[in-house]
Amino acid sequence: MKISTNWLKDFVTLAPPFARIAERLTLAGLEVKKCEALTQPADTLFEIEITSNRPDWLSHWGVAREIAAVENISLKNPVVDPDTGRTPPPGWKIHIKDAAGCPYYTGVLIEGITENKTPDFIVNRLLACGIRSINLVVDITNYVLLEVGQPLHAFDADLIQGKEILVRKPKQGEKFTVINGAQIELKADDLVIADSERAVALAGVMGGKDSEINERTRNVFLESAFFNPGRIRKTSRAHQLSSESSYRFERRVDPEAVDVGRSRAVSLIQKYGKPRHISAVIKAGEKPQLEVKTIHLRSEDVTQVLGVEVKPSQIALILTRLGLQVKQHGSEAPAVSNRERGGSWTVGIPSYRPDLTRAIDLVEEIARIYGFENIPETLPARPPFSVSENPRLSLERKVRYFLSGAGLSETVTFSLVSEDGLDPKQDLQQAVQIVNPLQHGLHWMRPTLVTSLLNVIKKNVNAGADSIQIFEIANIYGAPPASKHPVEERTCAIALYGKKAAQTWLDAARAVTFYDLKGYVEAILASAGCQELCVAKIEKSYFAGQSAEAIRLWQTPLAFLGEVSGDLLKKWDLKEPVYYAEISLENLVQHACRTPTFKEWPRYPAIERDLSLVVKEAVKSGDLMREIQGMGQGLIREVALFDLFRGKRVPEGCKNLAFRVVYQSPERTLVSEDVQQLHEKIAQTLVQKYQASFQS
Amino acid sequence: MGFGVTTMKDQISRLENEAKEELARADSFETIESFRVAYLGKKGKLTELFKQLGTVSAEEKKSVGAELNRLKQWLEEAVEKGKGNVPQANAFRETFDETLPGVQPPKGSIHILQQTIQEISAIFNRMGFEIVEGPEIETEFHNFTALNIPLDHPSRDAFDTFYTPQGQLLRSQTSTVQIRVMKDRKPPLRIIAPGRVYRPDTVDASHSFMFHQIEGLMVDGSVTFSDLKGVLHLFLRELFGAQTKIRFRPHFFPFTEPSVEVDIQWGKGWLEILGAGSVDPNVFQEVGYDKAVTKGFAFGLGVERIAMLCHGINDIRHFYENDLRFLRQF
């Protein structure tokens, strides 16, 4: 909201520089975002930002009230003539049919307005605050809104049918044409101002086309009322209509300002519009009262919360400056300077401060005016206590350091995804949906990160990258039928694309493979201390058939990985394969061994023997390794696959696997002959069991 | 020809003295090498003397020759030894190119938002705050009711939320975690809770519908607003440097009273950096604490905002676009 300092001067004496006042206000919680000097006419504008608990600041008078409190100076009230008319307008009636929506409604009939020129000072002040001049009556209602914060509405009295004002809920299917010409269908909970025939205003939000003030208007019915804040808010949101009026009504206007605002407007219209006749005020309902009118405050309340002792006399002074009625308890004798201690008060709350309901609210007021900058800084006493670390967070940190150290870049992508690339049955059946998505189709809480990382790969490919190795640690979400609340699982997703490493003057470039990915996954699982892992083929909608696997520890799934399907590559327009893995950090942390125990290594020398076999493609290398280990009579320390090739002299449908077997005894030095014998026996067994043959 | 012999022997001994002096001055591989060339090279001084051996009489040839050979051997050994003593040039001498680039290890990176979270968490960790987490899909109770945010009130405008069909919502602030922890544990508490939060804001240079927050909470029987000031000032000095100037400005949050916004001095102006306040007694009541004797403060800060300030990042969208050219800068 824009506040004109010229206008403020009607209520308080302002000593320049204004920037100083702006800062004082800001440091008291009334934030002045900008302080801007105007010329012609000279003025200084404050651009203020107001928190939702302080609608009483939404006017010049309200801001002046705060300045008076902060600067400890006196405040003038708006100039109001005593209500002029003595006779009620003949035949006019107000009926409140919905007292919950409108507890208090007042109006005045002003007839025979002769002048229609808005005085310059009003035009200028409105303009400074960003409002264009329209005509005298409308300008005055806007002026009063900005001055005392009370929204008013002026109807062309001749367009009100039956001299009757009804405040009621809409009828079934009732329609209403808003001042801007749009027709809306009213909702059951809306509140309308109606004449005997139809709705003439959407109460507190916007006037109607049919009854608005125009150039020919001479007779005006001026409305000033209090509407229920919740109802106005609901209507304003339901119809997506908001106005300066609805903004104030939904935050709650000061019930006392209903009369002040109306009288102020009538005074101005009388002065500048020169009407022939002004009626007495007609009213319906009663001004709503504050729920809490007094608060009991003790000086300990202040000290305990703020950690600083504010003198009782100062507390009382601050509250008084804020316009509160302060009544001290106990002895009436004035406390003696430094010796004063303790104090308690009954504090009366003015109608414009419904936000003050508890002692703590007064403590905040005292702190504001006392000045946050005057409250000392202290550090709380800290008895020793344990600050434990969540083991999953420490696992996450290790994984993050490992992968980034290995050359992968961590990403942060949105948890909300569209169904693009995901299978409605396999992936989305148990996914969590969002009913009010913001953007085109981002209405799923992702059940996997695969599509998010494909997006990142695509974006980087478009930017010219040829080696994209990324990971993300984030939640995946699901709503399994058994659980009441959706489940979130912390996951580490890895995706590899393109070159493993760029070509250098020493090394050639090489493309990433599935086994690079598997290496990362295995290394993470191994460094978490997971051994004896089982590997099994799996299928997922987004993986190419027959090329994905899951890694389990006993029955717990720890990770899965695979090559992204050709369909998805096509969809994302990617030319090279993408390898993708997810590691469940949630599950891994359950099995992570955090305290490795030392194992002695054998002291006797090892003997290495190679074993190169040609087997059918269907034979699994893992089975062979387990078999070799199993036949080792406890003398094999390690079996490693060091070569795998096909073609050349290897027959079609077969592959050559070359293993290095390390023989080592924990108890003695092995002799070459022992090893040779055992090695040959193993070889022979494999030949028989797996129809293997030797290849030199 | 006696003169000739004397001359030869004299020349040899002069050469020897000269060589000794010169060698003593030779302190680098290069000077020793040029010394070797000067004496032992094809046109070297000793080589020249050898050439004169033919002019020496037959009977003296033997003794002069022996003398020359002795000097030659001595010179060769001296050169060898000298080369061993000076800074060595090795086999790379000719081929070594000190401007060739090193072979870089693969360059990975931790996302700058994550780094920022870790840095902030570490500061509070050192002050005795425990890092905790809570779910992102939340209930109305944890996100609004328990935080004293009334239904259908303008104070809720700041907290628009995404909903699931079952009526759960995506948390719009990490304050939900303080509710969960307080419902779960008894004071004293010192926690911070980093995580993702969601608000249906249209994405632009400074807004995103998903971003990161860190919520902090300290609760015990006696913590005051002045403790809040002390702890937050200490934190901001740790994060932005010892010279950091800050100011506390009254504000409004439904879940704290008094509420404050903290600004840091940035250039000529002030920049809002976090929101905080003493925990509102209504919040303590919601979680089942005795509001008469429990005191505490809470604060919340936006990770993106701090990362943008610290690193001069001008557009929030960079964080989620994950261009490797961006990621690898940090």
# chains A, B, ... in the order shown; residues from 1 in each chain; ligands from 1
call {"tool": "interface_residues", "arguments": {"of": "chain A", "to": "chain B", "cutoff": "6 Å", "atoms": "only C-alpha atoms", "output": "list in words"}}
result
Leu27, Ala28, Gly29, Ser52, Val305, Leu306, Gly307, Glu364, Pro376, Glu377, Thr378, Leu379, Pro380, Val387, Ser404, Gly405, Gly407, Leu408, Ser409, Glu410, Thr411, Val412, Thr413, Gln433, Ile434, Val435, Asn436, Leu438 and Asn460 of chain A
call {"tool": "write_last_selection", "arguments": {"atoms": "N, CA and C atoms", "output": "CSV table (one decimal), in the first residue's frame"}}
result
chain,number,residue,atom,x,y,z
A,27,LEU,N,11.4,-0.8,11.8
A,27,LEU,CA,12.0,-1.5,13.0
A,27,LEU,C,10.9,-1.7,14.1
A,28,ALA,N,9.7,-1.1,13.8
A,28,ALA,CA,8.6,-1.4,14.8
A,28,ALA,C,7.7,-2.4,14.1
A,29,GLY,N,8.0,-2.9,13.0
A,29,GLY,CA,7.2,-4.0,12.4
A,29,GLY,C,6.3,-3.5,11.2
A,52,SER,N,-0.6,-9.9,7.9
A,52,SER,CA,-2.1,-10.1,7.8
A,52,SER,C,-2.7,-9.9,9.2
A,305,VAL,N,9.8,-13.8,28.8
A,305,VAL,CA,9.8,-14.0,27.3
A,305,VAL,C,11.0,-13.3,26.7
A,306,LEU,N,11.2,-12.1,27.0
A,306,LEU,CA,12.2,-11.3,26.3
A,306,LEU,C,13.6,-11.4,26.8
A,307,GLY,N,13.7,-11.8,28.1
A,307,GLY,CA,15.1,-12.0,28.7
A,307,GLY,C,15.7,-10.6,29.0
A,364,GLU,N,4.7,-8.8,22.9
A,364,GLU,CA,5.3,-8.5,21.6
A,364,GLU,C,5.1,-7.0,21.3
A,376,PRO,N,19.2,-7.3,24.6
A,376,PRO,CA,20.5,-7.8,24.5
A,376,PRO,C,20.6,-9.1,23.9
A,377,GLU,N,21.8,-9.5,23.3
A,377,GLU,CA,22.0,-10.8,22.8
A,377,GLU,C,22.6,-11.7,23.8
A,378,THR,N,22.1,-12.8,24.1
A,378,THR,CA,22.7,-13.8,25.0
A,378,THR,C,22.8,-15.1,24.4
A,379,LEU,N,23.6,-16.0,24.9
A,379,LEU,CA,23.7,-17.4,24.4
A,379,LEU,C,23.1,-18.3,25.6
A,380,PRO,N,22.2,-19.2,25.2
A,380,PRO,CA,21.6,-20.0,26.2
A,380,PRO,C,22.6,-20.9,26.9
A,387,VAL,N,24.1,-35.1,21.1
A,387,VAL,CA,23.5,-34.7,19.9
A,387,VAL,C,23.8,-35.9,18.9
A,404,SER,N,30.4,-38.2,-5.9
A,404,SER,CA,30.9,-37.0,-6.5
A,404,SER,C,32.4,-37.2,-6.7
A,405,GLY,N,33.1,-37.9,-5.7
A,405,GLY,CA,34.5,-38.2,-5.9
A,405,GLY,C,34.8,-39.1,-7.1
A,407,GLY,N,33.3,-38.8,-9.8
A,407,GLY,CA,33.1,-38.0,-11.1
A,407,GLY,C,31.7,-37.8,-11.4
A,408,LEU,N,30.7,-38.2,-10.6
A,408,LEU,CA,29.3,-38.0,-10.9
A,408,LEU,C,28.9,-36.6,-10.3
A,409,SER,N,27.9,-36.0,-10.9
A,409,SER,CA,27.4,-34.7,-10.4
A,409,SER,C,26.0,-34.9,-9.8
A,410,GLU,N,25.8,-34.3,-8.6
A,410,GLU,CA,24.6,-34.5,-8.0
A,410,GLU,C,23.5,-33.5,-8.5
A,411,THR,N,22.3,-34.0,-8.7
A,411,THR,CA,21.3,-33.1,-9.3
A,411,THR,C,20.2,-32.9,-8.2
A,412,VAL,N,19.4,-31.9,-8.4
A,412,VAL,CA,18.2,-31.7,-7.6
A,412,VAL,C,17.0,-31.4,-8.6
A,413,THR,N,16.1,-32.4,-8.7
A,413,THR,CA,15.0,-32.3,-9.6
A,413,THR,C,13.7,-32.3,-8.8
A,433,GLN,N,-1.0,-39.0,-5.9
A,433,GLN,CA,-1.4,-38.0,-6.9
A,433,GLN,C,-1.6,-36.7,-6.2
A,434,ILE,N,-1.5,-35.6,-7.0
A,434,ILE,CA,-1.7,-34.3,-6.5
A,434,ILE,C,-3.0,-33.7,-7.3
A,435,VAL,N,-4.0,-33.2,-6.5
A,435,VAL,CA,-5.2,-32.9,-7.2
A,435,VAL,C,-5.2,-31.4,-7.7
A,436,ASN,N,-4.3,-30.6,-7.2
A,436,ASN,CA,-4.2,-29.2,-7.7
A,436,ASN,C,-2.9,-28.9,-8.3
A,438,LEU,N,0.2,-27.4,-10.4
A,438,LEU,CA,0.3,-26.0,-10.9
A,438,LEU,C,0.6,-26.0,-12.4
A,460,ASN,N,21.2,-31.7,-20.9
A,460,ASN,CA,22.7,-31.6,-21.1
A,460,ASN,C,23.1,-32.0,-22.5
call {"tool": "residues_around", "arguments": {"residues": "Val258 (chain A)", "least_positions_apart": "2", "cutoff": "12 Å", "atoms": "only C-alpha atoms", "output": "ChimeraX atom specification"}}
result
/A:103-107,144-145,148-153,222-227,249,252-256,260-265,281,283,286-288,351-352
call {"tool": "closest_residue", "arguments": {"among": "B:Ala292, B:Ile123, B:Ala307, B:Leu239", "to": "Ala359 (chain A)", "atoms": "only C-alpha atoms"}}
result
B:Ala292
call {"tool": "residues_around", "arguments": {"residues": "Tyr289 (chain B)", "least_positions_apart": "4", "cutoff": "9 Å", "atoms": "only C-alpha atoms", "output": "JSON list (two decimals) with N, CA and C atoms, in the first residue's frame"}}
result
[["chain", "number", "residue", "atom", "x", "y", "z"],
["B", 182, "MET", "N", 8.18, -32.39, 18.68],
["B", 182, "MET", "CA", 7.65, -32.04, 19.99],
["B", 182, "MET", "C", 6.59, -33.04, 20.45],
["B", 183, "LYS", "N", 5.80, -33.57, 19.51],
["B", 183, "LYS", "CA", 4.81, -34.57, 19.89],
["B", 183, "LYS", "C", 5.49, -35.85, 20.35],
["B", 186, "LYS", "N", 10.18, -34.93, 24.77],
["B", 186, "LYS", "CA", 9.99, -33.89, 25.79],
["B", 186, "LYS", "C", 11.17, -32.92, 25.73],
["B", 187, "PRO", "N", 10.97, -31.69, 26.20],
["B", 187, "PRO", "CA", 12.09, -30.75, 26.24],
["B", 187, "PRO", "C", 13.16, -31.23, 27.23],
["B", 283, "VAL", "N", 1.09, -23.15, 20.16],
["B", 283, "VAL", "CA", 1.77, -24.28, 19.53],
["B", 283, "VAL", "C", 2.16, -25.30, 20.61],
["B", 284, "PHE", "N", 2.67, -24.80, 21.74],
["B", 284, "PHE", "CA", 3.01, -25.72, 22.83],
["B", 284, "PHE", "C", 1.77, -26.47, 23.31],
["B", 285, "GLN", "N", 0.66, -25.74, 23.35],
["B", 285, "GLN", "CA", -0.57, -26.38, 23.79],
["B", 285, "GLN", "C", -0.97, -27.50, 22.81],
["B", 293, "VAL", "N", 4.95, -23.13, 31.41],
["B", 293, "VAL", "CA", 6.35, -23.22, 31.84],
["B", 293, "VAL", "C", 7.31, -23.53, 30.70],
["B", 294, "THR", "N", 6.79, -23.72, 29.48],
["B", 294, "THR", "CA", 7.68, -24.06, 28.38],
["B", 294, "THR", "C", 8.01, -22.79, 27.59]]
call {"tool": "residues_around", "arguments": {"residues": "region 599-611 of chain A", "least_positions_apart": "3", "cutoff": "6 Å", "atoms": "only C-alpha atoms", "output": "ChimeraX atom specification"}}
result
/A:658-664,666,669
call {"tool": "write_last_selection", "arguments": {"atoms": "N, CA and C atoms", "output": "PDB file, in the first residue's frame"}}
result
ATOM      1  N   ALA A 658      37.898 -66.001 -18.377  1.00  0.00           N
ATOM      2  CA  ALA A 658      39.218 -66.273 -17.801  1.00  0.00           C
ATOM      3  C   ALA A 658      39.223 -65.813 -16.352  1.00  0.00           C
ATOM      4  N   PHE A 659      39.533 -66.774 -15.453  1.00  0.00           N
ATOM      5  CA  PHE A 659      39.554 -66.471 -14.025  1.00  0.00           C
ATOM      6  C   PHE A 659      40.974 -66.515 -13.499  1.00  0.00           C
ATOM      7  N   ARG A 660      41.223 -65.645 -12.547  1.00  0.00           N
ATOM      8  CA  ARG A 660      42.480 -65.762 -11.809  1.00  0.00           C
ATOM      9  C   ARG A 660      42.122 -66.279 -10.423  1.00  0.00           C
ATOM     10  N   VAL A 661      42.753 -67.436 -10.076  1.00  0.00           N
ATOM     11  CA  VAL A 661      42.466 -68.054  -8.783  1.00  0.00           C
ATOM     12  C   VAL A 661      43.693 -67.859  -7.902  1.00  0.00           C
ATOM     13  N   VAL A 662      43.459 -67.299  -6.715  1.00  0.00           N
ATOM     14  CA  VAL A 662      44.572 -67.074  -5.786  1.00  0.00           C
ATOM     15  C   VAL A 662      44.494 -68.114  -4.682  1.00  0.00           C
ATOM     16  N   TYR A 663      45.496 -69.005  -4.662  1.00  0.00           N
ATOM     17  CA  TYR A 663      45.547 -70.041  -3.629  1.00  0.00           C
ATOM     18  C   TYR A 663      46.409 -69.536  -2.486  1.00  0.00           C
ATOM     19  N   GLN A 664      45.904 -69.730  -1.287  1.00  0.00           N
ATOM     20  CA  GLN A 664      46.691 -69.296  -0.132  1.00  0.00           C
ATOM     21  C   GLN A 664      46.147 -70.008   1.097  1.00  0.00           C
ATOM     22  N   PRO A 666      45.961 -70.338   5.227  1.00  0.00           N
ATOM     23  CA  PRO A 666      46.215 -69.589   6.457  1.00  0.00           C
ATOM     24  C   PRO A 666      47.225 -70.289   7.368  1.00  0.00           C
ATOM     25  N   THR A 669      52.821 -72.903   4.015  1.00  0.00           N
ATOM     26  CA  THR A 669      53.245 -72.500   2.688  1.00  0.00           C
ATOM     27  C   THR A 669      52.814 -73.580   1.704  1.00  0.00           C
TER      28      THR A 669
END
call {"tool": "select_by_dssp", "arguments": {"residues": "region 79-206 of chain B", "states": "alpha helix (DSSP H)", "output": "JSON, numbers by chain"}}
result
{"B": [79, 80, 81, 82, 83, 84, 85, 112, 113, 114, 115, 116, 117, 118, 119, 120, 121, 122, 123, 124, 125, 126, 140, 141, 142, 143, 175, 176, 177, 178, 179, 180, 181, 182, 183, 184]}
call {"tool": "write_last_selection", "arguments": {"atoms": "N, CA and C atoms", "output": "tab-separated table (two decimals), in the first residue's frame"}}
result
chain	number	residue	atom	x	y	z
B	79	VAL	N	84.37	-35.44	-13.44
B	79	VAL	CA	83.14	-35.04	-14.14
B	79	VAL	C	81.98	-35.92	-13.68
B	80	GLU	N	82.23	-37.21	-13.65
B	80	GLU	CA	81.19	-38.16	-13.23
B	80	GLU	C	80.68	-37.83	-11.84
B	81	LYS	N	81.65	-37.60	-10.95
B	81	LYS	CA	81.32	-37.33	-9.56
B	81	LYS	C	80.58	-35.98	-9.45
B	82	GLY	N	81.12	-35.01	-10.20
B	82	GLY	CA	80.50	-33.69	-10.17
B	82	GLY	C	79.05	-33.72	-10.63
B	83	LYS	N	78.82	-34.50	-11.71
B	83	LYS	CA	77.45	-34.60	-12.20
B	83	LYS	C	76.53	-35.23	-11.17
B	84	GLY	N	77.10	-36.12	-10.38
B	84	GLY	CA	76.31	-36.76	-9.33
B	84	GLY	C	75.96	-35.80	-8.21
B	85	ASN	N	76.77	-34.77	-8.07
B	85	ASN	CA	76.55	-33.87	-6.94
B	85	ASN	C	75.62	-32.70	-7.23
B	112	ILE	N	24.93	-27.59	-5.11
B	112	ILE	CA	25.20	-26.44	-4.24
B	112	ILE	C	24.14	-26.29	-3.15
B	113	LEU	N	22.91	-26.71	-3.44
B	113	LEU	CA	21.88	-26.62	-2.38
B	113	LEU	C	22.23	-27.58	-1.25
B	114	GLN	N	22.70	-28.76	-1.63
B	114	GLN	CA	23.11	-29.75	-0.63
B	114	GLN	C	24.30	-29.23	0.17
B	115	GLN	N	25.25	-28.63	-0.52
B	115	GLN	CA	26.42	-28.08	0.18
B	115	GLN	C	25.99	-27.01	1.17
B	116	THR	N	25.03	-26.18	0.72
B	116	THR	CA	24.55	-25.11	1.60
B	116	THR	C	23.86	-25.69	2.83
B	117	ILE	N	23.02	-26.71	2.60
B	117	ILE	CA	22.34	-27.37	3.72
B	117	ILE	C	23.38	-27.95	4.69
B	118	GLN	N	24.40	-28.58	4.13
B	118	GLN	CA	25.42	-29.19	4.99
B	118	GLN	C	26.16	-28.14	5.79
B	119	GLU	N	26.46	-27.03	5.14
B	119	GLU	CA	27.21	-25.98	5.82
B	119	GLU	C	26.39	-25.39	6.98
B	120	ILE	N	25.12	-25.10	6.69
B	120	ILE	CA	24.26	-24.52	7.73
B	120	ILE	C	24.03	-25.53	8.85
B	121	SER	N	23.77	-26.79	8.45
B	121	SER	CA	23.54	-27.83	9.45
B	121	SER	C	24.75	-27.97	10.35
B	122	ALA	N	25.92	-27.90	9.75
B	122	ALA	CA	27.15	-28.10	10.53
B	122	ALA	C	27.31	-26.99	11.57
B	123	ILE	N	26.96	-25.77	11.19
B	123	ILE	CA	27.08	-24.66	12.16
B	123	ILE	C	26.17	-24.93	13.36
B	124	PHE	N	24.93	-25.30	13.09
B	124	PHE	CA	24.01	-25.53	14.20
B	124	PHE	C	24.38	-26.79	14.97
B	125	ASN	N	24.89	-27.76	14.25
B	125	ASN	CA	25.37	-28.98	14.89
B	125	ASN	C	26.41	-28.65	15.95
B	126	ARG	N	27.32	-27.75	15.58
B	126	ARG	CA	28.36	-27.35	16.53
B	126	ARG	C	27.77	-26.63	17.75
B	140	GLU	N	-3.03	-31.84	7.51
B	140	GLU	CA	-3.46	-30.48	7.84
B	140	GLU	C	-3.00	-30.11	9.24
B	141	PHE	N	-3.08	-31.10	10.14
B	141	PHE	CA	-2.73	-30.83	11.53
B	141	PHE	C	-1.30	-30.32	11.66
B	142	HIS	N	-0.35	-31.08	11.07
B	142	HIS	CA	1.05	-30.70	11.25
B	142	HIS	C	1.42	-29.44	10.50
B	143	ASN	N	0.76	-29.23	9.35
B	143	ASN	CA	1.15	-28.10	8.51
B	143	ASN	C	0.44	-26.80	8.90
B	175	SER	N	8.40	-26.32	9.22
B	175	SER	CA	7.93	-26.20	10.61
B	175	SER	C	7.15	-27.44	11.04
B	176	THR	N	6.62	-28.17	10.08
B	176	THR	CA	5.91	-29.41	10.41
B	176	THR	C	6.78	-30.34	11.24
B	177	VAL	N	8.07	-30.29	10.99
B	177	VAL	CA	8.97	-31.22	11.69
B	177	VAL	C	9.06	-30.88	13.18
B	178	GLN	N	8.99	-29.56	13.50
B	178	GLN	CA	9.04	-29.23	14.92
B	178	GLN	C	7.82	-29.78	15.65
B	179	ILE	N	6.67	-29.79	14.98
B	179	ILE	CA	5.48	-30.35	15.61
B	179	ILE	C	5.68	-31.84	15.86
B	180	ARG	N	6.18	-32.55	14.83
B	180	ARG	CA	6.38	-33.99	14.99
B	180	ARG	C	7.37	-34.30	16.11
B	181	VAL	N	8.46	-33.54	16.13
B	181	VAL	CA	9.47	-33.83	17.17
B	181	VAL	C	8.90	-33.51	18.55
B	182	MET	N	8.18	-32.39	18.68
B	182	MET	CA	7.65	-32.04	19.99
B	182	MET	C	6.59	-33.04	20.45
B	183	LYS	N	5.80	-33.57	19.51
B	183	LYS	CA	4.81	-34.57	19.89
B	183	LYS	C	5.49	-35.85	20.35
B	184	ASP	N	6.69	-36.04	19.87
B	184	ASP	CA	7.41	-37.28	20.08
B	184	ASP	C	8.30	-37.26	21.32
call {"tool": "residues_around", "arguments": {"residues": "Ala42 (chain A)", "least_positions_apart": "3", "cutoff": "10 Å", "atoms": "only C-alpha atoms", "output": "ChimeraX atom specification"}}
result
/A:5-6,37-39,45
call {"tool": "write_last_selection", "arguments": {"atoms": "C-alpha atoms", "output": "PDB file, in the first residue's frame"}}
result
ATOM      1  CA  THR A   5       3.283  11.697   3.981  1.00  0.00           C
ATOM      2  CA  ASN A   6       1.354  14.867   3.071  1.00  0.00           C
ATOM      3  CA  ALA A  37       9.961  11.570  -3.236  1.00  0.00           C
ATOM      4  CA  LEU A  38       7.342  13.086  -5.584  1.00  0.00           C
ATOM      5  CA  THR A  39       7.244  16.509  -7.164  1.00  0.00           C
ATOM      6  CA  LEU A  45       5.440   8.251  -0.543  1.00  0.00           C
TER       7      LEU A  45
END
call {"tool": "closest_residue", "arguments": {"among": "A:Ile628, A:Leu574, A:Ile551, A:Val266", "to": "Gly498 (chain A)", "atoms": "only C-alpha atoms"}}
result
A:Leu574
call {"tool": "closest_residue", "arguments": {"among": "A:Ser541, A:Thr491, A:Ser612, A:Gln430", "to": "Glu680 (chain A)", "atoms": "only C-alpha atoms"}}
result
A:Ser612
call {"tool": "atom_distance", "arguments": {"atom1": "CA of Glu147 (chain A)", "atom2": "CA of Ser59 (chain A)"}}
result
5.1 Å
call {"tool": "residues_around", "arguments": {"residues": "Gly216 (chain B)", "least_positions_apart": "4", "cutoff": "6 Å", "atoms": "only C-alpha atoms", "output": "number ranges by chain"}}
result
B: 191-192, 298-299
call {"tool": "residues_around", "arguments": {"residues": "Ala19 (chain A)", "least_positions_apart": "2", "cutoff": "12 Å", "atoms": "only C-alpha atoms", "output": "mmCIF file with C-alpha atoms, in the first residue's frame"}}
result
data_model
loop_
_atom_site.group_PDB
_atom_site.id
_atom_site.type_symbol
_atom_site.label_atom_id
_atom_site.label_comp_id
_atom_site.auth_asym_id
_atom_site.auth_seq_id
_atom_site.Cartn_x
_atom_site.Cartn_y
_atom_site.Cartn_z
ATOM 1 C CA THR A 5 3.283 11.697 3.981
ATOM 2 C CA LEU A 14 6.124 14.740 10.889
ATOM 3 C CA ALA A 15 9.651 15.952 11.295
ATOM 4 C CA PRO A 16 11.782 15.232 8.230
ATOM 5 C CA PRO A 17 13.865 13.445 7.125
ATOM 6 C CA ILE A 21 10.522 7.816 10.139
ATOM 7 C CA ALA A 22 10.410 5.059 7.531
ATOM 8 C CA GLU A 23 13.182 3.245 9.347
ATOM 9 C CA ARG A 24 11.553 3.698 12.731
ATOM 10 C CA LEU A 25 8.335 2.209 11.367
ATOM 11 C CA THR A 26 10.198 -0.682 9.751
ATOM 12 C CA VAL A 32 8.359 0.579 4.670
ATOM 13 C CA LYS A 33 9.704 -1.101 1.560
ATOM 14 C CA LYS A 34 10.391 2.100 -0.307
ATOM 15 C CA CYS A 35 10.511 5.787 0.457
ATOM 16 C CA GLU A 36 9.941 7.797 -2.714
ATOM 17 C CA ALA A 37 9.961 11.570 -3.236
ATOM 18 C CA THR A 44 6.988 11.664 -0.071
ATOM 19 C CA LEU A 45 5.440 8.251 -0.543
ATOM 20 C CA PHE A 46 5.949 5.263 1.744
ATOM 21 C CA GLU A 47 5.436 1.903 0.090
#
call {"tool": "select_by_dssp", "arguments": {"residues": "region 112-143 of chain B", "states": "strand (DSSP E or B)", "output": "ChimeraX atom specification"}}
result
/B:130-131,137-138
call {"tool": "write_last_selection", "arguments": {"atoms": "N, CA and C atoms", "output": "mmCIF file, in the first residue's frame"}}
result
data_model
loop_
_atom_site.group_PDB
_atom_site.id
_atom_site.type_symbol
_atom_site.label_atom_id
_atom_site.label_comp_id
_atom_site.auth_asym_id
_atom_site.auth_seq_id
_atom_site.Cartn_x
_atom_site.Cartn_y
_atom_site.Cartn_z
ATOM 1 N N GLU B 130 20.510 -30.942 16.886
ATOM 2 C CA GLU B 130 20.483 -32.238 16.214
ATOM 3 C C GLU B 130 19.737 -32.095 14.881
ATOM 4 N N ILE B 131 20.232 -32.799 13.868
ATOM 5 C CA ILE B 131 19.579 -32.720 12.557
ATOM 6 C C ILE B 131 18.491 -33.794 12.481
ATOM 7 N N ILE B 137 5.029 -35.432 2.651
ATOM 8 C CA ILE B 137 3.571 -35.515 2.510
ATOM 9 C C ILE B 137 3.011 -35.488 3.931
ATOM 10 N N GLU B 138 2.213 -34.463 4.207
ATOM 11 C CA GLU B 138 1.847 -34.174 5.591
ATOM 12 C C GLU B 138 0.344 -34.100 5.782
#
call {"tool": "closest_residue", "arguments": {"among": "A:Glu617, A:Asp301, A:Glu532, A:Asp466", "to": "Lys500 (chain A)", "atoms": "only C-alpha atoms"}}
result
A:Asp466
call {"tool": "atom_distance", "arguments": {"atom1": "CA of Asp189 (chain A)", "atom2": "CA of Thr235 (chain A)"}}
result
7.5 Å
call {"tool": "atom_distance", "arguments": {"atom1": "CA of Val80 (chain A)", "atom2": "CA of Asp43 (chain A)"}}
result
24.5 Å
